[in-house]
Every structure is written in structure tokens, then in C-alpha cells.
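Worksheet for the structure shown next.
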Amino acid sequence: MSNVKLSKIAFPNRNLGKRRAWILFPKFLFGKGFIGLATFFIIFTSYTFSKDIIVSPNTNISSIKQAIELSQNGDRIIIKKGYYKEHNIIIDKSIQLIGEDYPELDGEKIDDIIIIKSNNVYIKGIVVKNSGSSSMKDIAGVRFDNVKYCTIEDSRFYDNFFAVYLAGSSFCTVKYNIIKSNAQNETSSGNGIHLWKCENITIENNEISGHRDGIYFEFVTDSKIISNISRWNLRYGLHFMFSNGDTYEKNYFSNNGAGVAVMYTKDVSMIDNRFEDNWGPNAYGLLLKDISFSTIERNTFKKNTVGIYMEGGTSLNVNHNSFIENGWALKVLGDCTDDSIKYNNFIGNTFDVSTNSSISVNLFNGNYWDKYKGYDLNKDGIGDVSYRPVSMFSMIVEKTPETIFLLRSIIVDILDIAEKVAPVFIPETLVDNNPSIYEISNREQITNNPTGTASQQITGNK
Amino acid sequence: MAAKKILKYVIFDIMRSRLIITYTLLLLVLSFGIIYLGRDITKATVSLLNIVLLIVPLVSIIFGTIHFYNSQKFIEMLLALPIKRSNIFWAEYLGLAVSLSIGFVIGTGIPLLAYGASVTGVYLLLTGIFLSFIFSGFAFLSAVINKDKAKGIGLSLMIWFYLSILFDGLVLMISLFFNDYPLENVILVLTALNPIDLARVMILLKLDISALMGYTGATFEQFFGSMMGTIFSIGFLLMWITLPALGALRLFNKKNF
């Protein structure tokens with residue numbers, strides 16, 4: 001599997017198959033005759049004679065546009081420290097744009113600042129600020145326009161409408177960037193990193209704040225979002241739609257207006273992320289809508305109004321997560337089916353699980369519930385009495401939200417106890433039959449986890 | 001002058017009584033136990049909240065009623081002296097309320113402070129003191145109304161039962177019946193009609209803020225979380241202190257001992 005992918009990355013347009021390279025080589029040169037030979041030489045010469053073009057404020061080449069005009073494929077443009085008032089810089093050659101000591105590119109609030117229209121473009125170490133803004137057009141700091149193998153790295157983006165914008169691109173990387181803006185309202189602001197119709201993109205180690213959505217994915221497949229920090233955004237820290245086969249892990253999302261939303265998608269892995277401090281009437285740590293066949297593992301949800309809000313979730317694995325001090329740890333609506341919620345910690349939440357249906361077809365097993373009051377006679381760490389995480393009161397609140405004000409009233413405690421003894425209203429099937437007595441240390445559980453360990457896969461390949 | 005002397009005497013008298021010492025010790029043991037056993041302070045505060053809302057009103061009202069009947073002879077003796085009736089009443093009332101508050105503050109405040117003071121802890125102590133004063137007033141009211149000790153204690157128990165359990169049940173029923181109507185403001189008004197609810201909501205907004213922020217919780221948060229809301233709730237708590245006490249005073253002034 002992985003070999004095929006690698007060759008695709010290295011030789012995207014050529015299907016090498018299993019033929020040896022030395023058989024192919026003469027065919028490449030002579031099989032297509034003179035044209036093949038000529039292209040070979042052109043590529044050869046351009047690589048040998050690639051040059052550095054230096055842009056500096058008070059020299060002959062004082063603008064980036066000028067430098068790009070002078071450049072050829074494979075050249076490096078080195079931008080010295082300085083202040084460059086430019087916009088609509090179109091990069092239509094495979095070149096490298098390297099900033100020394102973070103030169104500033106000021107778009108003066110007019111239009112796009114950099115537009116990449118060629119494959120294999122590499123940008124590093126620049127400051128891009130003040131792109132234009134518009135309600136008609138998505139104006140961006142750096143726009144990737146239908147390209148492949150491009151990278152932007154170690155750059156700073158301040159007060160742009162959209163900061164990094166990728167459309168129709170593939171195999172691109174956005175990493176180690178700091179992206180800041182101070183969006184005032186949702187209609188007049190853009191997203192930090194915006195992807196539309198892309199594939200095989202890597203978004204890594206970026207820090208995004210103050211945009212509308214921190215990271216936005218629409219029709220993006222087989223991509224990775226790793227170790228980013230997205231916070232203080234107006235709407236979502238991460239907004240995810242129609243994007244199958246993506247992975248996001250080790251990210252940190254906090255203080256976003258509405259948390260993180262993953263919608264209309266299948267086959268997503270969400271691993272080792274932290275969702276914190278998303279407070280408000282419509283704020284969720286993680287909002288799931290019409291998601292299927294996805295994995296939510298080892299995440300931490302802390303101090304959110306709702307930890308996970310699940311609507312139309314099918315065949316999801318919600319395992320080894322920790323839900324700490326949320327208003328509602330999990331809201332599972334009645335249209336969620338075949339989900340498994342196992343080995344999670346529920347600590348200090350006001351409500352552990354709430355639902356709006358009296359039937360549950362999801363599996364709860366082996367979780368640690370700090371509200372569990374059962375016993376463990378045989379000392380195997382599993383409670384002998386099963387636990388019903390949905391309380392009577394949470395059902396009442398679901399029906400009549402105003403009654404939330406009776407929270408922690410004695411009558412409510414009495415009702416809950418009465419209902420636990422003889423369940424009538426709470427969903428009878430929503431029950432954890434093997435509640436853990438001890439808090440689950442998630443790391444330990446993973447090493448014991450029989451499925452999906454790396455070592456097993458390696459031995460399997462042998 | 002005389003009132004001050006009586007007040008001093010009453011406080012000393014109550015503080016020496018076995019019941020108030022037991023009350024203080026009970027609170028002390030419970031609070032230390034809860035804070036020590038529950039690993040995190042938030043969870044412990046929730047359990048302490050239940051004590052404040054359940055035990056403080058109960059002990060205050062029962063102890064207050066019994067105290068009034070027990071000092072009936074002493075009051076009759078004072079009435080024979082040239083002292084204004086209202087002075088005698090206020091001395092007795094304040095003596096009771098202050099000593100109950102001292103007992104509560106020692107019993108709950110020391111453990112809370114020992115494990116780190118927090119805003120929630122301060123609110124907890126404050127509402128506990130308010131509730132001690134309010135239910136002392138109710139205690140005197142029911143004692144003044146009934147000449148018979150058993151009836152007086154019965155009435156006190158009824159008041160406690162109504163305010164801490166029945167009232168919330170009624171509110172729950174009302175909100176379930178009128179499910180389809182906007183109830184936020186109705187519930188806001190209903191909250192003000194019960195001092196225990198008022199105290200609970202005040203602490204809740206410090207404790208479960210993330211849950212209350214959801215849905216209608218936002219209305220509560222906006223109201224009680226604001227400066228206006230705090231003034232409103234403290235104003236209503238003060239009203240709940242004065243109303244029963246003034247009622248008891250009126251009856252006390254007319255009472256034929």
C-alpha cells in the first residue's frame with residue numbers, strides 16, 4: 001500500500017509500475033525521439049544554472065514582482081529585511097521565496113497579496129499583512145490556486161481577510177506559521193487557513209487566532225491537521241465539511257465562539273486533541289453532524305458547555321477520551337446509531353450524558369464515571385452494578401430547558417435517586433454494564449489495546 | 001443600653017448550650033470530611049452547598065423555635081422590667097442569629113479556608129449567614145404564633161419542608177405543565193420567592209457556570225451574573241431577613257404572655 005503511494009508522490013504523472021528504471025531510461029530518451037532529449041536538456045540546464053535573486057529596498061531590484069519577472073524555474077528569490085508595499089504578486093514559476101529576518105509585505109487593504117499559480121513553489125520566513133477584504137470575493141494573504149507540491153513555512157500573517165487560502169490544490173504543506181487577525185463579526189471576516197477542494201494537504205504546527213474560522217475544510221480529502229493551536233476565533237476553531245479520509249491530531253482548540261464542528265463527513269480520525277473553554281449558549285467542544293465511520297480517541301474535553309454534541313453520528317468509536325468539568329460531557333441525540341463509547345473518563349461534569357430519545361442503540365462500556373456509586377466485591381476494577389449515565393433531571397432539562405435553574409435542588413436529587421432505582425423515563429438501554437471503578441489512565445490502556453498497535457502491523461507485514 | 005446587655009447575655013447563653021456546640025462540631029467534621037475525601041475542591045464545594053441549603057435552615061429554624069420556648073420564662077421576667085418590648089425582641093433575635101452564624105462560620109469557614117479560599121467559598125459562607133438570619137426570623141415567627149411548643153416546632157418544620165423541598169417541586173411542575181410558554185421571567189420571579197432558591201442560584205452561577213451558560217441559562221447568567229443581579233439577589237435576601245422578623249416583632253408586641 002505505502003509503496004504505491006510513495007511512487008505516486010515522487011512521479012505523479014508517470015505510472016512506473018514494476019518496470020526497472022534502467023529499461024525505462026533509454027525509452028524515455030529515444031522512444032519519444034528528439035523531443036524527449038530536448039526536454040531532458042532543458043531540465044538539466046535549468047537545474048544547474050539556477051540562481052539567487054536578491055530583493056532589497058534600496059537596490060536595483062526593490063520589488064518582489066520585479067524579481068519574479070527576472071526569475072526562471074528553480075531560482076531562489078531572497079527578500080532582505082524591509083517593508084514592501086505590494087499586492088497581487090503572481091508566482092507563475094517554480095521558484096523559492098525566502099525572507100531574511102521576516103521582511104514585511106503590506107497589501108494596504110487592497111486585494112490578494114501573493115497568488116501561487118505554479119507547482120513546486122516554496123515560501124519561507126515572510127510577514128504578510130493587511131490583505132483587502134470583500135463580501136464578493138475571498139481575498140487572501142497567500143492564495144494557492146490549483147497547484148501541487150507547494151509549501152509555506154515559518155511565516156507570519158497579520159490582519160488578513162483570509163490568511164492562507166488553498167483551492168483545488170494537492171500535496172501542499174502549511175507549517176510553522178503564526179496567523180493572527182482581529183475579526184469583529186462573522187460577516188466581515190475570513191478564515192485563518194481555508195481549504196476548498198484539496199487533497200493530500202498537511203497543516204502542521206500553525207498558531208491561528210482572531211479569524212472567523214481557524215481552519216476551514218470543505219471537500220478536502222486525505223489530509224492531515226497536526227499540532228496546531230487554534231483559539232479566540234469568532235466561530236469555529238476548526239470547521240470541517242464534506243471532507244473524507246482526513247486526520248487531525250494533537251491540536252489544541254480553545255476559547256472559540258462555537259468550538260469545533262465536523263459535519264457531513266466519513267472516515268475522519270480525531271486523536272489526541274484538546275478542546276477547552278468553549279463557553280456559550282451555542283458552544284460545543286466538538287460538534288458532530290452526520291458523521292460516520294470515524295474515530296475519536298484520546299482527546300481531552302475540558303470546561304466546555306457541551307463536550308461532544310452528536311447528531312446523526314453512525315458507527316463512531318469514541319474511546320479513551322477524558323471529559324472534565326463540562327456542563328454536558330456528551331449529548332447524544334436519538335438519531336445516533338451503532339456508536340461505541342468505551343474507556344472514557346467522566347470527571348466533574350454537571351451532566352455526563354444527555355439524550356432526547358428513550359431508545360438508545362449505542363454501546364457504553366468500561367467508562368469511568370465519577371458519579372458512580374456502585375461497589376466492586378471481587379476487586380477486579382469493574383463495578384458490579386451497571387451505571388445509567390443519563391439522569392432523570394437531564395431528560396427534564398432536555399424537554400424544558402428553563403428547569404436548569406433547579407439544578408442541585410433537593411427535589412431534583414430525590415427524583416434522580418428514585419428514577420435510578422426504578423427507571424421509567426430514562427432510556428433503559430443506555431447503560432454501562434462494566435463501569436470502571438478507577439480513573440482510566442489513557443496511555444496505559446492504549447498499550448494494552450489489542451487492535452491497531454504499530455508493532456502488530458509490522459509483524460503482520462513480515 | 002439594656003438591649004445591649006440582654007444581647008450579650010443571650011449570645012453567651014446560646015454559645016454555651018450543648019446544641020450549638022454540637023452543631024458547630026458537626027459542621028466542622030462534615031466539612032473537613034467532605035473536603036478531605038473529595039479530591040477536588042469543586043466537588044467538595046458542591047457537597048458543602050447541599051449542607052448549606054439543607055442543614056443550615058433546618059437547624060436554624062428548629063433550634064430557634066426551641067430556644068424561644070425555653071427562654072419564655074426569661075422573657076417574661078424581662079417584660080416585668082421597664083424595657084421596651086421591641087428591644088427585648090431584637091436582642092433575642094440578634095442573639096440567636098449571630099450565634100448560629102458564628103457556629104456556621106467556624107464549622108464551615110475554617111475547613112474552607114484551610115484548603116484554600118475561593119470566590120465560591122466566600123459566597124457559600126455569605127449565603128449560609130443569610131440563611132441563618134432568615135430562618136431565625138421564621139423560627140421566632142412560628143414560636144410567637146403558637147403558644148404550644150409542639151405546634152410551634154411543627155409549624156417550623158412545615159416552613160422548612162415547604163421552602164427546601166415542596167417549593168422546588170411546585171416550580172418543576174409548573175414549568176413542565178407550561179412547557180410551551182416562555183418561562184424565563186416567570187422562573188426568575190419564582191426564584192425570588194424562595195430564599196433557599198435565591199441562595200442556590202447565587203452559588204450555582206459561581207459553580208456550574210458552563211452548564212448554566214447553555215440555552216436559557218444565558219438569561220440567568222446575564223441577570224444574576226451582572227451587578228444588577230447581585231444587588232437584586234442580596235436585596236431580596238435582606239427582604240427575606242426583615243419580613244419574618246418584622247412579622248414576629250408585630251405579634252410579639254401584641255402578644256399576651
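Note on naming: chains are A, B, ... as they come in the C-alpha cells, residues start from 1 per chain, ligands start from 1 in the order shown.
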Q: Determine which residues of range 56-244 of chain B receive a DSSP assignment of alpha helix (DSSP H), computed from the backbone, and state them as a ChimeraX atom specification.
A: /B:56-70,72-79,85-104,110-114,119-145,149-161,167-177,184-192,195-207,209-212,217-225,227-244
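Look at Gly141 in chain A: the protein and nucleic acid residues within 10 Å of it, using only C-alpha atoms and passing over chain neighbours fewer than 5 places away, are His87, Asn88, Leu105, Asp106, Gly107, Asp111, Asp112, Ile113, Ile114, Ile115, Val127, Val128, Lys129, Asn130, Ser131, Gly132, Phe157, Tyr158, Asp159, Asn160, Phe161, Phe162, Ala163, Val164, Tyr165 and Gly192 of chain A.
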Can I get the selected residues back with C-alpha atoms, as a compact mmCIF listing (two decimals), in the first residue's frame?
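Now in part.txt:
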# COMPACT_ATOMS: atom_id res chain seq x y z
CA HIS A 87 -0.27 43.30 -3.76
CA ASN A 88 -1.30 40.82 -6.46
CA LEU A 105 4.65 42.50 2.70
CA ASP A 106 1.91 45.05 3.19
CA GLY A 107 -1.16 44.67 0.96
CA ASP A 111 -6.50 42.88 -2.80
CA ASP A 112 -4.80 39.47 -2.68
CA ILE A 113 -1.14 39.72 -1.70
CA ILE A 114 0.51 36.58 -3.08
CA ILE A 115 -1.09 34.26 -5.62
CA VAL A 127 5.37 38.58 7.00
CA VAL A 128 2.15 39.04 5.07
CA LYS A 129 -0.27 41.63 6.32
CA ASN A 130 -3.28 43.78 5.51
CA SER A 131 -4.90 41.98 2.61
CA GLY A 132 -8.01 43.55 1.19
CA PHE A 157 0.15 36.64 8.82
CA TYR A 158 -1.39 39.69 10.42
CA ASP A 159 -4.80 41.22 9.81
CA ASN A 160 -5.63 39.47 6.58
CA PHE A 161 -9.15 38.67 5.41
CA PHE A 162 -8.30 35.06 4.60
CA ALA A 163 -4.71 34.35 5.60
CA VAL A 164 -3.78 31.17 3.71
CA TYR A 165 -6.22 30.07 1.03
CA GLY A 192 -7.22 31.58 9.02
Using 8 Å as the limit and counting only C-alpha atoms, can you tabulate each residue of chain A that touches chain B, with its shortest atom-to-atom distance in Å and the two atoms involved, as a tab-separated table?
residue	atom	partner	partner_atom	distance
A:Trp279	CA	B:Ser210	CA	6.2
A:Gly280	CA	B:Met213	CA	5.4
A:Pro281	CA	B:Gly214	CA	4.1
A:Asn282	CA	B:Gly214	CA	6.9
A:Lys303	CA	B:Ser210	CA	6.7
A:Asn304	CA	B:Ser210	CA	6.3
A:Thr305	CA	B:Ser210	CA	4.7
A:Val306	CA	B:Ala211	CA	7.8
A:Asn326	CA	B:Ser210	CA	6.5
A:Gly327	CA	B:Ala211	CA	3.7
A:Trp328	CA	B:Ala211	CA	6.6
A:Gly348	CA	B:Lys43	CA	6.9
A:Thr350	CA	B:Ala211	CA	6.6
A:Thr400	CA	B:Asn179	CA	6.1
A:Pro401	CA	B:Thr216	CA	6.3
A:Glu402	CA	B:Thr216	CA	5.9
A:Thr403	CA	B:Leu172	CA	6.7
A:Ile404	CA	B:Gly217	CA	7.0
A:Phe405	CA	B:Val201	CA	7.1
A:Leu406	CA	B:Asp168	CA	7.0
A:Arg408	CA	B:Asn50	CA	7.8
A:Ser409	CA	B:Asp168	CA	7.2
A:Ile410	CA	B:Ile165	CA	6.2
A:Ile411	CA	B:Ile165	CA	5.6
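Shortest separation to Ile193 in chain A among A:Lys175, A:Lys109, A:Lys302, A:Lys51 occurs at residue A:Lys175, atoms counted being only C-alpha atoms.
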Q: Tell me, as JSON, numbers by chain, which residues lie within 9 Å of range 132-136 of chain B, counting only C-alpha atoms; anything in the same chain fewer than 4 positions away does not count.
A: {"B": [56, 57, 58, 59, 60, 61, 62, 63, 64, 65, 93, 94, 96, 97, 98, 100, 101, 104, 127, 128, 140, 141, 160, 195, 237, 238, 240, 241, 242, 243, 244, 245]}
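CA of Gln222 in chain B sits 28.2 Å away from CA of Arg274 in chain A.
Each of A:Ile229, A:Ile296, A:Ala258, A:Ile208 was checked against Ile271 in chain A using only C-alpha atoms; the smallest atom-to-atom distance is that of A:Ile296.
Among B:Ala2, B:Tyr123, B:Gly235, B:Tyr181, the residue with the shortest atom-to-atom distance to Lys84 in chain B, counting only C-alpha atoms, is B:Ala2.
CA of Leu333 in chain A is positioned 6.2 Å from CA of Met310 in chain A.
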(Q) Can you tell me which residues surround range 26-30 of chain B at a distance of at most 9 Å, considering only C-alpha atoms, apart from same-chain residues fewer than 4 positions away, and format the answer as a PyMOL selection string? (A) chain B and resi 21-22+34-35+48+51+103-104+106-111
Just write the chosen residues, C-alpha atoms, as a PDB file, in the first residue's frame.
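Written file, part-v4.pdb:
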ATOM      1  CA  ILE B  21     -21.610  23.324  70.170  1.00  0.00           C
ATOM      2  CA  THR B  22     -22.789  20.050  68.638  1.00  0.00           C
ATOM      3  CA  ILE B  34     -16.070  16.253  52.544  1.00  0.00           C
ATOM      4  CA  ILE B  35     -13.095  18.372  51.567  1.00  0.00           C
ATOM      5  CA  LEU B  48     -20.947  21.712  51.004  1.00  0.00           C
ATOM      6  CA  ILE B  51     -25.166  21.207  53.647  1.00  0.00           C
ATOM      7  CA  GLY B 103     -21.313  28.428  64.711  1.00  0.00           C
ATOM      8  CA  PHE B 104     -21.720  28.096  60.937  1.00  0.00           C
ATOM      9  CA  ILE B 106     -16.497  28.307  62.437  1.00  0.00           C
ATOM     10  CA  GLY B 107     -17.851  24.951  61.284  1.00  0.00           C
ATOM     11  CA  THR B 108     -17.633  25.571  57.538  1.00  0.00           C
ATOM     12  CA  GLY B 109     -15.341  28.549  57.181  1.00  0.00           C
ATOM     13  CA  ILE B 110     -12.288  27.020  58.844  1.00  0.00           C
ATOM     14  CA  PRO B 111     -12.182  23.916  56.621  1.00  0.00           C
TER      15      PRO B 111
END
Q: Apply DSSP to the structure's backbone, then extract all residues of range 218-283 of chain A labelled strand (DSSP E) and return them as number ranges by chain.
A: A: 218-221, 224-226, 229-231, 238-241, 247-249, 252-254, 259-266, 269-271, 274-276
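Between CA of Asp413 in chain A and CA of Phe393 in chain A the interatomic distance comes to 8.4 Å.
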Q. Could you name the residues that touch range 361-370 of chain A at 6 Å or less, counting only C-alpha atoms, but leaving out those on the same chain fewer than 4 positions away, as a list in words?
A. Thr337, Asp338, Asp339, Ser340, Ile341, Lys342, Tyr343, Asn344, Asn345, Phe346, Ile347, Asp432, Asn434, Pro435, Ser436 and Glu439 of chain A
Which residues are close to Ser394 in chain A, i.e. within 8 Å by only C-alpha atoms, leaving aside same-chain residues fewer than 4 positions away? Reply as a PDB file with N, CA and C atoms, in the first residue's frame.
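Below you can see part-v9.pdb, which holds the result:
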ATOM      1  N   PHE A 351     -23.595  17.327  33.829  1.00  0.00           N
ATOM      2  CA  PHE A 351     -24.342  16.181  33.325  1.00  0.00           C
ATOM      3  C   PHE A 351     -23.375  15.310  32.522  1.00  0.00           C
ATOM      4  N   SER A 354     -26.560  13.216  28.003  1.00  0.00           N
ATOM      5  CA  SER A 354     -27.988  13.516  27.873  1.00  0.00           C
ATOM      6  C   SER A 354     -28.446  13.136  26.482  1.00  0.00           C
ATOM      7  N   VAL A 390     -27.475   8.676  32.124  1.00  0.00           N
ATOM      8  CA  VAL A 390     -28.465   9.723  31.872  1.00  0.00           C
ATOM      9  C   VAL A 390     -29.305   9.896  33.123  1.00  0.00           C
ATOM     10  N   GLU A 398     -33.699  18.593  29.015  1.00  0.00           N
ATOM     11  CA  GLU A 398     -33.734  18.475  27.562  1.00  0.00           C
ATOM     12  C   GLU A 398     -35.102  18.894  27.014  1.00  0.00           C
TER      13      GLU A 398
END
